$ cat coords-v3.json   # JSON, C-alpha atoms
[["chain", "number", "residue", "atom", "x", "y", "z"],
["A", 1, "MET", "CA", -39.75, 3.13, -8.00],
["A", 2, "GLY", "CA", -37.23, 1.21, -10.02],
["A", 3, "ASN", "CA", -33.53, 1.77, -9.32],
["A", 4, "TRP", "CA", -34.30, 4.52, -6.80],
["A", 5, "LYS", "CA", -36.36, 2.29, -4.51],
["A", 6, "TRP", "CA", -33.68, 2.34, -1.80],
["A", 7, "PHE", "CA", -34.27, 6.04, -1.19],
["A", 8, "SER", "CA", -37.49, 5.32, 0.69],
["A", 9, "GLU", "CA", -37.46, 1.61, 1.47],
["A", 10, "SER", "CA", -36.94, 0.49, 5.04],
["A", 11, "GLY", "CA", -33.91, -1.74, 5.61],
["A", 12, "SER", "CA", -33.62, -4.75, 7.90],
["A", 13, "SER", "CA", -33.18, -2.32, 10.81],
["A", 14, "GLY", "CA", -36.61, -0.86, 10.11],
["A", 15, "PHE", "CA", -35.15, 2.58, 9.39],
["A", 16, "LYS", "CA", -35.18, 4.52, 6.11],
["A", 17, "SER", "CA", -32.87, 6.95, 4.36],
["A", 18, "SER", "CA", -35.15, 9.67, 5.74],
["A", 19, "SER", "CA", -34.69, 8.50, 9.36],
["A", 20, "THR", "CA", -32.85, 11.00, 11.55],
["A", 21, "ALA", "CA", -30.14, 10.42, 14.13],
["A", 22, "GLU", "CA", -32.60, 11.11, 16.93],
["A", 23, "GLN", "CA", -35.10, 8.64, 15.49],
["A", 24, "VAL", "CA", -32.64, 5.75, 15.20],
["A", 25, "THR", "CA", -31.50, 6.25, 18.81],
["A", 26, "GLU", "CA", -34.94, 6.80, 20.31],
["A", 27, "GLY", "CA", -35.27, 5.19, 23.74],
["A", 28, "ILE", "CA", -31.54, 4.55, 24.13],
["A", 29, "ASP", "CA", -29.88, 5.65, 27.38],
["A", 30, "ALA", "CA", -26.12, 5.86, 26.93],
["A", 31, "THR", "CA", -25.37, 7.61, 30.23],
["A", 32, "GLY", "CA", -21.86, 6.88, 31.42],
["A", 33, "LEU", "CA", -20.36, 6.19, 27.99],
["A", 34, "THR", "CA", -17.57, 8.31, 26.52],
["A", 35, "ALA", "CA", -17.11, 8.97, 22.81],
["A", 36, "ILE", "CA", -14.58, 10.82, 20.70],
["A", 37, "VAL", "CA", -16.08, 12.29, 17.52],
["A", 38, "THR", "CA", -13.74, 13.80, 14.95],
["A", 39, "GLY", "CA", -15.07, 16.51, 12.68],
["A", 40, "ALA", "CA", -17.69, 17.45, 15.27],
["A", 41, "THR", "CA", -17.46, 21.19, 14.68],
["A", 42, "SER", "CA", -19.69, 21.09, 11.59],
["A", 43, "GLY", "CA", -22.09, 19.05, 9.49],
["A", 44, "ILE", "CA", -22.97, 15.49, 10.39],
["A", 45, "GLY", "CA", -20.14, 15.36, 12.94],
["A", 46, "LYS", "CA", -21.72, 18.18, 14.94],
["A", 47, "GLU", "CA", -25.12, 16.47, 14.73],
["A", 48, "THR", "CA", -23.56, 13.19, 15.84],
["A", 49, "ALA", "CA", -22.01, 14.88, 18.86],
["A", 50, "ARG", "CA", -25.30, 16.63, 19.68],
["A", 51, "VAL", "CA", -27.37, 13.44, 19.53],
["A", 52, "LEU", "CA", -24.84, 11.37, 21.48],
["A", 53, "ALA", "CA", -24.80, 14.05, 24.19],
["A", 54, "LEU", "CA", -28.61, 14.02, 24.17],
["A", 55, "LYS", "CA", -28.43, 10.30, 24.94],
["A", 56, "GLY", "CA", -26.15, 10.87, 27.92],
["A", 57, "VAL", "CA", -22.78, 10.24, 26.31],
["A", 58, "ASN", "CA", -19.77, 12.27, 27.45],
["A", 59, "VAL", "CA", -18.55, 13.58, 24.08],
["A", 60, "ILE", "CA", -14.98, 14.63, 23.36],
["A", 61, "VAL", "CA", -14.69, 17.06, 20.46],
["A", 62, "PRO", "CA", -11.20, 17.30, 18.95],
["A", 63, "SER", "CA", -10.89, 20.64, 17.17],
["A", 64, "ARG", "CA", -8.09, 22.19, 15.15],
["A", 65, "ASP", "CA", -9.44, 25.59, 16.22],
["A", 66, "LEU", "CA", -10.25, 25.58, 19.94],
["A", 67, "GLU", "CA", -12.38, 28.70, 19.66],
["A", 68, "ASN", "CA", -14.55, 27.04, 17.03],
["A", 69, "GLY", "CA", -14.83, 23.91, 19.15],
["A", 70, "LEU", "CA", -15.93, 25.91, 22.18],
["A", 71, "LYS", "CA", -18.62, 27.64, 20.11],
["A", 72, "ILE", "CA", -20.04, 24.24, 19.17],
["A", 73, "LYS", "CA", -19.97, 23.19, 22.81],
["A", 74, "GLU", "CA", -21.89, 26.31, 23.77],
["A", 75, "MET", "CA", -24.47, 25.72, 21.03],
["A", 76, "ILE", "CA", -25.09, 22.16, 22.25],
["A", 77, "LEU", "CA", -25.29, 23.30, 25.89],
["A", 78, "GLN", "CA", -27.87, 25.97, 25.01],
["A", 79, "GLU", "CA", -30.17, 23.25, 23.72],
["A", 80, "ASN", "CA", -29.19, 20.64, 26.31],
["A", 81, "PRO", "CA", -27.78, 22.14, 29.52],
["A", 82, "LYS", "CA", -27.04, 18.66, 30.88],
["A", 83, "ALA", "CA", -24.81, 17.78, 27.93],
["A", 84, "GLN", "CA", -21.30, 16.63, 28.75],
["A", 85, "ILE", "CA", -19.00, 18.07, 26.08],
["A", 86, "ASP", "CA", -15.24, 18.49, 26.30],
["A", 87, "VAL", "CA", -13.17, 20.22, 23.62],
["A", 88, "MET", "CA", -9.53, 19.32, 23.00],
["A", 89, "GLU", "CA", -7.11, 20.64, 20.41],
["A", 90, "MET", "CA", -6.18, 18.35, 17.51],
["A", 91, "ASP", "CA", -5.35, 18.71, 13.83],
["A", 92, "LEU", "CA", -5.97, 15.47, 11.90],
["A", 93, "ALA", "CA", -3.50, 16.55, 9.22],
["A", 94, "SER", "CA", -0.63, 16.66, 11.74],
["A", 95, "ILE", "CA", 1.07, 13.62, 13.25],
["A", 96, "GLU", "CA", 2.45, 15.75, 16.07],
["A", 97, "SER", "CA", -0.98, 17.15, 16.92],
["A", 98, "ILE", "CA", -2.69, 13.73, 16.86],
["A", 99, "THR", "CA", 0.04, 12.23, 19.03],
["A", 100, "SER", "CA", -0.24, 15.09, 21.53],
["A", 101, "PHE", "CA", -4.03, 14.71, 21.68],
["A", 102, "ALA", "CA", -3.83, 10.95, 22.25],
["A", 103, "GLN", "CA", -1.18, 11.32, 24.94],
["A", 104, "SER", "CA", -3.29, 13.88, 26.78],
["A", 105, "PHE", "CA", -6.43, 11.77, 26.56],
["A", 106, "ASN", "CA", -4.71, 8.49, 27.46],
["A", 107, "SER", "CA", -3.08, 10.07, 30.51],
["A", 108, "SER", "CA", -6.46, 11.25, 31.77],
["A", 109, "LYS", "CA", -8.70, 9.09, 33.95],
["A", 110, "GLN", "CA", -11.41, 9.03, 31.30],
["A", 111, "SER", "CA", -12.62, 5.82, 29.75],
["A", 112, "LEU", "CA", -13.33, 5.44, 26.04],
["A", 113, "ASN", "CA", -16.25, 3.42, 24.71],
["A", 114, "ILE", "CA", -16.77, 4.83, 21.22],
["A", 115, "LEU", "CA", -14.44, 6.29, 18.58],
["A", 116, "ILE", "CA", -16.12, 7.89, 15.58],
["A", 117, "ASN", "CA", -13.72, 8.69, 12.76],
["A", 118, "ASN", "CA", -15.97, 11.17, 11.00],
["A", 119, "ALA", "CA", -13.83, 14.12, 9.90],
["A", 120, "GLY", "CA", -13.02, 14.44, 6.25],
["A", 121, "ILE", "CA", -12.40, 16.80, 3.37],
["A", 122, "PHE", "CA", -13.83, 16.39, -0.11],
["A", 123, "ALA", "CA", -12.20, 17.02, -3.48],
["A", 124, "CYS", "CA", -10.03, 19.94, -2.42],
["A", 125, "PRO", "CA", -7.28, 21.42, -4.63],
["A", 126, "PHE", "CA", -3.90, 19.70, -4.33],
["A", 127, "GLN", "CA", -1.97, 20.53, -1.20],
["A", 128, "LEU", "CA", 0.27, 18.72, 1.25],
["A", 129, "SER", "CA", -0.24, 18.25, 4.98],
["A", 130, "ARG", "CA", 2.29, 19.47, 7.53],
["A", 131, "ASP", "CA", 3.98, 16.09, 7.21],
["A", 132, "GLY", "CA", 4.17, 16.22, 3.42],
["A", 133, "ILE", "CA", 1.25, 13.92, 2.53],
["A", 134, "GLU", "CA", -1.55, 14.79, 0.09],
["A", 135, "LEU", "CA", -4.14, 16.46, 2.28],
["A", 136, "GLN", "CA", -7.20, 14.30, 1.56],
["A", 137, "PHE", "CA", -5.28, 11.09, 2.20],
["A", 138, "ALA", "CA", -3.56, 12.57, 5.25],
["A", 139, "THR", "CA", -6.80, 13.77, 6.83],
["A", 140, "ASN", "CA", -9.34, 11.18, 5.74],
["A", 141, "HIS", "CA", -7.20, 8.06, 6.21],
["A", 142, "LEU", "CA", -3.75, 8.47, 7.72],
["A", 143, "GLY", "CA", -4.80, 10.79, 10.55],
["A", 144, "HIS", "CA", -7.63, 8.49, 11.58],
["A", 145, "PHE", "CA", -5.42, 5.42, 11.24],
["A", 146, "LEU", "CA", -2.91, 6.96, 13.67],
["A", 147, "LEU", "CA", -5.59, 8.24, 16.06],
["A", 148, "THR", "CA", -7.22, 4.80, 16.21],
["A", 149, "LYS", "CA", -3.89, 3.09, 16.76],
["A", 150, "LEU", "CA", -3.01, 5.40, 19.66],
["A", 151, "LEU", "CA", -6.44, 5.05, 21.32],
["A", 152, "LEU", "CA", -6.97, 1.34, 20.73],
["A", 153, "GLU", "CA", -5.53, 0.18, 24.05],
["A", 154, "LYS", "CA", -7.79, 2.61, 25.91],
["A", 155, "LEU", "CA", -10.82, 1.25, 24.03],
["A", 156, "LYS", "CA", -9.88, -2.37, 24.77],
["A", 157, "THR", "CA", -9.12, -1.66, 28.42],
["A", 158, "THR", "CA", -12.41, 0.18, 28.93],
["A", 159, "ALA", "CA", -14.37, -2.67, 27.33],
["A", 160, "LYS", "CA", -12.61, -5.24, 29.49],
["A", 161, "LYS", "CA", -13.13, -3.30, 32.73],
["A", 162, "THR", "CA", -16.75, -2.37, 32.14],
["A", 163, "GLY", "CA", -17.96, -5.35, 30.14],
["A", 164, "ILE", "CA", -19.48, -2.87, 27.66],
["A", 165, "GLU", "CA", -18.62, -3.44, 24.03],
["A", 166, "GLY", "CA", -16.37, -0.77, 22.52],
["A", 167, "ARG", "CA", -17.21, 0.51, 19.05],
["A", 168, "ILE", "CA", -15.17, 2.11, 16.30],
["A", 169, "VAL", "CA", -17.04, 3.75, 13.43],
["A", 170, "ASN", "CA", -15.35, 4.88, 10.22],
["A", 171, "VAL", "CA", -17.39, 7.30, 8.12],
["A", 172, "SER", "CA", -16.56, 6.41, 4.53],
["A", 173, "SER", "CA", -18.59, 6.85, 1.33],
["A", 174, "ILE", "CA", -20.00, 4.83, -1.56],
["A", 175, "ALA", "CA", -17.32, 6.73, -3.51],
["A", 176, "HIS", "CA", -14.86, 4.14, -2.18],
["A", 177, "GLY", "CA", -16.10, 1.84, -4.94],
["A", 178, "TYR", "CA", -14.72, 4.14, -7.62],
["A", 179, "SER", "CA", -11.14, 4.09, -6.38],
["A", 180, "LYS", "CA", -8.30, 2.65, -8.42],
["A", 181, "GLY", "CA", -6.72, 0.36, -5.85],
["A", 182, "ASP", "CA", -3.39, 0.21, -7.68],
["A", 183, "SER", "CA", -2.59, 3.74, -6.48],
["A", 184, "LEU", "CA", -3.55, 3.11, -2.85],
["A", 185, "LEU", "CA", -0.08, 2.08, -1.69],
["A", 186, "ASP", "CA", 2.00, 4.29, -3.98],
["A", 187, "LEU", "CA", 3.11, 7.53, -2.31],
["A", 188, "GLU", "CA", 4.67, 8.78, -5.55],
["A", 189, "ILE", "CA", 1.23, 8.77, -7.15],
["A", 190, "ILE", "CA", -0.58, 10.06, -4.05],
["A", 191, "ASN", "CA", 1.83, 12.98, -3.64],
["A", 192, "ASN", "CA", 2.30, 13.83, -7.32],
["A", 193, "PRO", "CA", 0.63, 17.19, -8.13],
["A", 194, "THR", "CA", 0.76, 16.54, -11.89],
["A", 195, "LYS", "CA", -1.18, 13.28, -11.50],
["A", 196, "TYR", "CA", -3.56, 14.64, -8.89],
["A", 197, "LYS", "CA", -7.27, 14.32, -9.58],
["A", 198, "LYS", "CA", -9.26, 15.59, -6.64],
["A", 199, "TYR", "CA", -12.17, 13.18, -6.99],
["A", 200, "ASP", "CA", -9.86, 10.18, -7.47],
["A", 201, "ALA", "CA", -7.95, 11.25, -4.36],
["A", 202, "TYR", "CA", -11.18, 11.42, -2.37],
["A", 203, "CYS", "CA", -12.29, 7.97, -3.54],
["A", 204, "ARG", "CA", -8.86, 6.57, -2.64],
["A", 205, "SER", "CA", -9.11, 7.90, 0.90],
["A", 206, "LYS", "CA", -12.64, 6.51, 1.31],
["A", 207, "LEU", "CA", -11.51, 3.06, 0.12],
["A", 208, "ALA", "CA", -8.81, 3.24, 2.76],
["A", 209, "ASN", "CA", -11.49, 3.96, 5.41],
["A", 210, "VAL", "CA", -13.38, 0.75, 4.63],
["A", 211, "LEU", "CA", -10.23, -1.37, 4.37],
["A", 212, "HIS", "CA", -9.01, 0.05, 7.68],
["A", 213, "ALA", "CA", -12.27, -0.82, 9.47],
["A", 214, "ASN", "CA", -12.32, -4.32, 7.99],
["A", 215, "GLU", "CA", -8.73, -5.10, 8.93],
["A", 216, "LEU", "CA", -9.24, -3.56, 12.36],
["A", 217, "ALA", "CA", -12.23, -5.87, 12.89],
["A", 218, "ARG", "CA", -10.10, -8.91, 11.97],
["A", 219, "VAL", "CA", -7.28, -7.86, 14.31],
["A", 220, "LEU", "CA", -9.65, -7.25, 17.22],
["A", 221, "GLN", "CA", -11.45, -10.56, 16.66],
["A", 222, "ALA", "CA", -8.11, -12.40, 16.62],
["A", 223, "GLU", "CA", -7.29, -10.77, 19.96],
["A", 224, "GLU", "CA", -10.77, -11.64, 21.27],
["A", 225, "ALA", "CA", -11.15, -7.98, 22.24],
["A", 226, "ASN", "CA", -14.64, -6.74, 23.05],
["A", 227, "VAL", "CA", -14.42, -3.96, 20.47],
["A", 228, "THR", "CA", -16.07, -3.81, 17.05],
["A", 229, "ALA", "CA", -15.19, -1.81, 13.93],
["A", 230, "ASN", "CA", -17.54, -0.94, 11.09],
["A", 231, "SER", "CA", -17.75, 1.59, 8.26],
["A", 232, "LEU", "CA", -20.58, 3.41, 6.53],
["A", 233, "HIS", "CA", -21.80, 5.70, 3.80],
["A", 234, "PRO", "CA", -23.75, 8.58, 5.41],
["A", 235, "GLY", "CA", -25.51, 9.61, 2.21],
["A", 236, "ILE", "CA", -24.91, 12.65, 0.07],
["A", 237, "ILE", "CA", -25.36, 15.63, 2.34],
["A", 238, "ALA", "CA", -26.90, 18.64, 0.65],
["A", 239, "THR", "CA", -24.95, 21.19, 2.68],
["A", 240, "ASN", "CA", -21.45, 20.28, 1.56],
["A", 241, "ILE", "CA", -21.67, 18.49, -1.77],
["A", 242, "PHE", "CA", -20.66, 21.58, -3.80],
["A", 243, "ARG", "CA", -17.98, 22.89, -1.43],
["A", 244, "PHE", "CA", -14.95, 22.41, -3.70],
["A", 245, "MET", "CA", -16.81, 22.07, -7.00],
["A", 246, "ASN", "CA", -16.12, 24.81, -9.51],
["A", 247, "ILE", "CA", -19.75, 25.44, -10.40],
["A", 248, "ARG", "CA", -21.16, 28.91, -10.86],
["A", 249, "GLY", "CA", -24.30, 30.77, -11.84],
["A", 250, "ILE", "CA", -27.54, 29.15, -12.87],
["A", 251, "MET", "CA", -26.00, 25.66, -13.09],
["A", 252, "LEU", "CA", -25.24, 25.77, -9.37],
["A", 253, "HIS", "CA", -28.89, 26.58, -8.62],
["A", 254, "VAL", "CA", -30.12, 23.84, -10.97],
["A", 255, "LEU", "CA", -27.87, 21.21, -9.39],
["A", 256, "ALA", "CA", -28.76, 22.39, -5.90],
["A", 257, "ALA", "CA", -32.47, 22.05, -6.71],
["A", 258, "LEU", "CA", -31.99, 18.55, -8.15],
["A", 259, "GLY", "CA", -29.81, 17.67, -5.19],
["A", 260, "LYS", "CA", -32.68, 18.20, -2.78],
["A", 261, "LEU", "CA", -34.46, 15.27, -4.42],
["A", 262, "PHE", "CA", -31.61, 12.84, -3.85],
["A", 263, "THR", "CA", -29.64, 14.15, -0.87],
["A", 264, "LYS", "CA", -30.07, 14.02, 2.87],
["A", 265, "ASN", "CA", -30.21, 16.80, 5.39],
["A", 266, "ILE", "CA", -27.78, 16.79, 8.30],
["A", 267, "PRO", "CA", -29.99, 14.97, 10.87],
["A", 268, "GLN", "CA", -30.58, 12.23, 8.28],
["A", 269, "GLY", "CA", -26.90, 12.13, 7.33],
["A", 270, "ALA", "CA", -25.84, 11.45, 10.93],
["A", 271, "SER", "CA", -28.34, 8.63, 11.44],
["A", 272, "THR", "CA", -26.23, 5.65, 10.39],
["A", 273, "THR", "CA", -23.25, 6.86, 12.41],
["A", 274, "CYS", "CA", -25.38, 7.15, 15.56],
["A", 275, "TYR", "CA", -27.03, 3.80, 14.84],
["A", 276, "LEU", "CA", -23.67, 2.02, 14.63],
["A", 277, "ALA", "CA", -22.39, 3.82, 17.72],
["A", 278, "LEU", "CA", -25.32, 3.22, 20.06],
["A", 279, "HIS", "CA", -27.98, 0.82, 18.85],
["A", 280, "PRO", "CA", -28.24, -2.52, 20.72],
["A", 281, "ASP", "CA", -28.89, -4.35, 17.44],
["A", 282, "MET", "CA", -25.26, -3.63, 16.53],
["A", 283, "LYS", "CA", -23.89, -5.66, 19.42],
["A", 284, "GLY", "CA", -21.26, -8.09, 18.13],
["A", 285, "VAL", "CA", -21.51, -6.86, 14.54],
["A", 286, "THR", "CA", -18.06, -6.08, 13.15],
["A", 287, "GLY", "CA", -16.24, -5.67, 9.85],
["A", 288, "LYS", "CA", -19.39, -4.62, 7.99],
["A", 289, "PHE", "CA", -20.42, -1.70, 5.77],
["A", 290, "PHE", "CA", -23.70, 0.15, 6.23],
["A", 291, "ILE", "CA", -25.98, 2.46, 4.28],
["A", 292, "ASP", "CA", -29.18, 3.83, 5.85],
["A", 293, "CYS", "CA", -28.65, 1.71, 8.98],
["A", 294, "LYS", "CA", -28.65, -1.43, 6.81],
["A", 295, "GLU", "CA", -25.72, -3.78, 6.21],
["A", 296, "THR", "CA", -24.68, -3.48, 2.58],
["A", 297, "LEU", "CA", -21.98, -5.14, 0.53],
["A", 298, "PRO", "CA", -19.14, -2.68, -0.16],
["A", 299, "SER", "CA", -16.96, -2.80, -3.27],
["A", 300, "SER", "CA", -15.00, -5.96, -4.07],
["A", 301, "GLN", "CA", -11.74, -4.07, -3.56],
["A", 302, "SER", "CA", -12.71, -3.10, -0.03],
["A", 303, "GLN", "CA", -13.34, -6.78, 0.76],
["A", 304, "ASP", "CA", -9.82, -7.75, -0.33],
["A", 305, "LYS", "CA", -8.23, -9.05, 2.89],
["A", 306, "ASP", "CA", -4.72, -9.01, 1.44],
["A", 307, "LEU", "CA", -5.09, -5.38, 0.35],
["A", 308, "GLY", "CA", -6.38, -4.52, 3.83],
["A", 309, "LYS", "CA", -3.34, -6.11, 5.45],
["A", 310, "LYS", "CA", -1.01, -4.38, 3.01],
["A", 311, "LEU", "CA", -2.63, -1.00, 3.69],
["A", 312, "TRP", "CA", -2.26, -1.57, 7.45],
["A", 313, "SER", "CA", 1.45, -2.40, 7.14],
["A", 314, "TRP", "CA", 2.09, 0.35, 4.59],
["A", 315, "SER", "CA", 0.35, 2.99, 6.72],
["A", 316, "THR", "CA", 2.28, 1.88, 9.81],
["A", 317, "ASP", "CA", 5.60, 2.04, 7.97],
["A", 318, "LEU", "CA", 4.76, 5.44, 6.48],
["A", 319, "LEU", "CA", 3.95, 6.88, 9.90],
["A", 320, "ASN", "CA", 7.14, 5.42, 11.35],
["A", 321, "ASN", "CA", 9.21, 6.93, 8.54],
["A", 322, "LEU", "CA", 7.56, 10.33, 8.95],
["A", 323, "ASN", "CA", 8.29, 10.26, 12.69],
["A", 324, "ILE", "CA", 11.93, 9.35, 12.07],
["A", 325, "GLN", "CA", 12.33, 12.31, 9.72],
["A", 326, "LYS", "CA", 11.18, 14.80, 12.36]]

$ encode --input "coords-v3.json" --output "structure tokens"
Amino acid sequence: MGNWKWFSESGSSGFKSSSTAEQVTEGIDATGLTAIVTGATSGIGKETARVLALKGVNVIVPSRDLENGLKIKEMILQENPKAQIDVMEMDLASIESITSFAQSFNSSKQSLNILINNAGIFACPFQLSRDGIELQFATNHLGHFLLTKLLLEKLKTTAKKTGIEGRIVNVSSIAHGYSKGDSLLDLEIINNPTKYKKYDAYCRSKLANVLHANELARVLQAEEANVTANSLHPGIIATNIFRFMNIRGIMLHVLAALGKLFTKNIPQGASTTCYLALHPDMKGVTGKFFIDCKETLPSSQSQDKDLGKKLWSWSTDLLNNLNIQK
């Protein structure tokens, strides 16, 4: 099958690109665990929440629109009346909203075993977040960076008390390999509407996801914390690939038809996320990148430890400066 062999070949995990989230978690009982899944009101995030709940996990769904979040909860409960789903308000593009969410969750008596940073937007027109940051970077990286930072102590404490390994999963993309790293730490470029290229901006944010997970893994290992951090490419999901693409007429239908040959459906797209979150084979594995439930080498830029440390410090300073300005 030449260069396309990986579309059907089983990886070291024994799973394929066609494996679904339910298939990769078959036989796993995760009763008693608690997970937060961002972006769980649609797409692979919703499927991730559904499958985790099916396995007994208490799933927290942060939602910018509470009504939408409650509809998703009701849909999951209709299929699985025993599902434990809680919906809380949070907007990943708002520092204030993320901080409020984390404060509410941390003040509760709930534990936290799994954090899945899944939410993301793809190649949208240029716009700024509430805090004045380009929206893709604000949502895909900075919001998740802050959320993870604010929930990290809860994850570490839960792991220490229970003896159960905590897991952080960053949903990235193979698009991270196409990012120009020289613009990663330059807010003047990130926020410049005249230099904005929506696909470049997406790739930049996805590179940040991998670097964040890798640096997080190093920090947690240095602390000897029982928490892992990994990142992944979920595959190209047929339902959302054309969302912000300016394609019309017959060409849209042609590309959609071709896409079915090389894209995943939603249950397949959520498989690697659920594998990293729940599978016992992932115990102790940290700082790695996965495609189709198989460890894969990410881009050379994403393996740059110095760039990862710089992004960590730069993101921290940026968030501090934005808070000071409020």

$ closest_residue --input "coords-v3.json" --among "A:Gly27, A:Pro125, A:Gly235, A:Gly287" --to "Ala270 in chain A" --atoms "only C-alpha atoms"
A:Gly235

$ residues_near_point --input "coords-v3.json" --point "(-1.5, 0.0, -3.9)" --cutoff "12 Å" --atoms "all atoms listed in the file" --output "ChimeraX atom specification"
/A:179-190,204-205,207-208,301,304,306-315

$ residues_around --input "coords-v3.json" --residues "Thr34 in chain A" --least-positions-apart "4" --cutoff "6 Å" --atoms "all atoms listed in the file" --output "PyMOL selection string"
chain A and resi 57-59+112-113

$ atom_distance --input "coords-v3.json" --atom1 "CA of Leu322 in chain A" --atom2 "CA of Phe137 in chain A"
14.5 Å

$ atom_distance --input "coords-v3.json" --atom1 "CA of Pro193 in chain A" --atom2 "CA of Arg130 in chain A"
15.9 Å

$ decode --input "coords-v3.json" --residues "range 23-36 of chain A" --atoms "N, CA, C and O atoms" --output "PDB file, in the first residue's frame"
ATOM      1  N   GLN A  23     -13.622   0.502  21.193  1.00  0.00           N
ATOM      2  CA  GLN A  23     -12.788  -0.679  20.968  1.00  0.00           C
ATOM      3  C   GLN A  23     -11.472  -0.616  21.737  1.00  0.00           C
ATOM      4  O   GLN A  23     -11.030  -1.612  22.307  1.00  0.00           O
ATOM      5  N   VAL A  24     -10.847   0.553  21.787  1.00  0.00           N
ATOM      6  CA  VAL A  24      -9.544   0.651  22.453  1.00  0.00           C
ATOM      7  C   VAL A  24      -9.670   0.666  23.982  1.00  0.00           C
ATOM      8  O   VAL A  24      -8.666   0.532  24.687  1.00  0.00           O
ATOM      9  N   THR A  25     -10.891   0.831  24.475  1.00  0.00           N
ATOM     10  CA  THR A  25     -11.107   0.811  25.932  1.00  0.00           C
ATOM     11  C   THR A  25     -11.928  -0.393  26.367  1.00  0.00           C
ATOM     12  O   THR A  25     -12.395  -0.446  27.511  1.00  0.00           O
ATOM     13  N   GLU A  26     -12.109  -1.341  25.474  1.00  0.00           N
ATOM     14  CA  GLU A  26     -12.911  -2.525  25.787  1.00  0.00           C
ATOM     15  C   GLU A  26     -12.346  -3.256  27.009  1.00  0.00           C
ATOM     16  O   GLU A  26     -11.139  -3.488  27.117  1.00  0.00           O
ATOM     17  N   GLY A  27     -13.223  -3.588  27.947  1.00  0.00           N
ATOM     18  CA  GLY A  27     -12.819  -4.335  29.130  1.00  0.00           C
ATOM     19  C   GLY A  27     -12.255  -3.492  30.260  1.00  0.00           C
ATOM     20  O   GLY A  27     -11.932  -4.015  31.327  1.00  0.00           O
ATOM     21  N   ILE A  28     -12.135  -2.188  30.049  1.00  0.00           N
ATOM     22  CA  ILE A  28     -11.582  -1.305  31.077  1.00  0.00           C
ATOM     23  C   ILE A  28     -12.700  -0.792  31.982  1.00  0.00           C
ATOM     24  O   ILE A  28     -13.714  -0.288  31.509  1.00  0.00           O
ATOM     25  N   ASP A  29     -12.508  -0.915  33.283  1.00  0.00           N
ATOM     26  CA  ASP A  29     -13.444  -0.378  34.277  1.00  0.00           C
ATOM     27  C   ASP A  29     -12.772   0.798  34.974  1.00  0.00           C
ATOM     28  O   ASP A  29     -11.812   0.624  35.716  1.00  0.00           O
ATOM     29  N   ALA A  30     -13.262   1.998  34.699  1.00  0.00           N
ATOM     30  CA  ALA A  30     -12.658   3.206  35.259  1.00  0.00           C
ATOM     31  C   ALA A  30     -13.557   3.841  36.323  1.00  0.00           C
ATOM     32  O   ALA A  30     -13.472   5.038  36.582  1.00  0.00           O
ATOM     33  N   THR A  31     -14.405   3.031  36.928  1.00  0.00           N
ATOM     34  CA  THR A  31     -15.310   3.519  37.967  1.00  0.00           C
ATOM     35  C   THR A  31     -14.525   4.196  39.085  1.00  0.00           C
ATOM     36  O   THR A  31     -13.524   3.668  39.565  1.00  0.00           O
ATOM     37  N   GLY A  32     -14.986   5.369  39.479  1.00  0.00           N
ATOM     38  CA  GLY A  32     -14.344   6.095  40.563  1.00  0.00           C
ATOM     39  C   GLY A  32     -13.378   7.172  40.110  1.00  0.00           C
ATOM     40  O   GLY A  32     -12.979   8.032  40.895  1.00  0.00           O
ATOM     41  N   LEU A  33     -13.015   7.157  38.822  1.00  0.00           N
ATOM     42  CA  LEU A  33     -12.120   8.193  38.303  1.00  0.00           C
ATOM     43  C   LEU A  33     -12.919   9.427  37.893  1.00  0.00           C
ATOM     44  O   LEU A  33     -14.093   9.334  37.544  1.00  0.00           O
ATOM     45  N   THR A  34     -12.257  10.567  37.919  1.00  0.00           N
ATOM     46  CA  THR A  34     -12.878  11.824  37.484  1.00  0.00           C
ATOM     47  C   THR A  34     -12.029  12.457  36.394  1.00  0.00           C
ATOM     48  O   THR A  34     -10.800  12.529  36.518  1.00  0.00           O
ATOM     49  N   ALA A  35     -12.680  12.896  35.337  1.00  0.00           N
ATOM     50  CA  ALA A  35     -11.976  13.514  34.212  1.00  0.00           C
ATOM     51  C   ALA A  35     -12.638  14.823  33.819  1.00  0.00           C
ATOM     52  O   ALA A  35     -13.865  14.948  33.874  1.00  0.00           O
ATOM     53  N   ILE A  36     -11.831  15.772  33.424  1.00  0.00           N
ATOM     54  CA  ILE A  36     -12.316  17.005  32.800  1.00  0.00           C
ATOM     55  C   ILE A  36     -11.961  16.919  31.319  1.00  0.00           C
ATOM     56  O   ILE A  36     -10.812  16.655  30.960  1.00  0.00           O
TER      57      ILE A  36
END
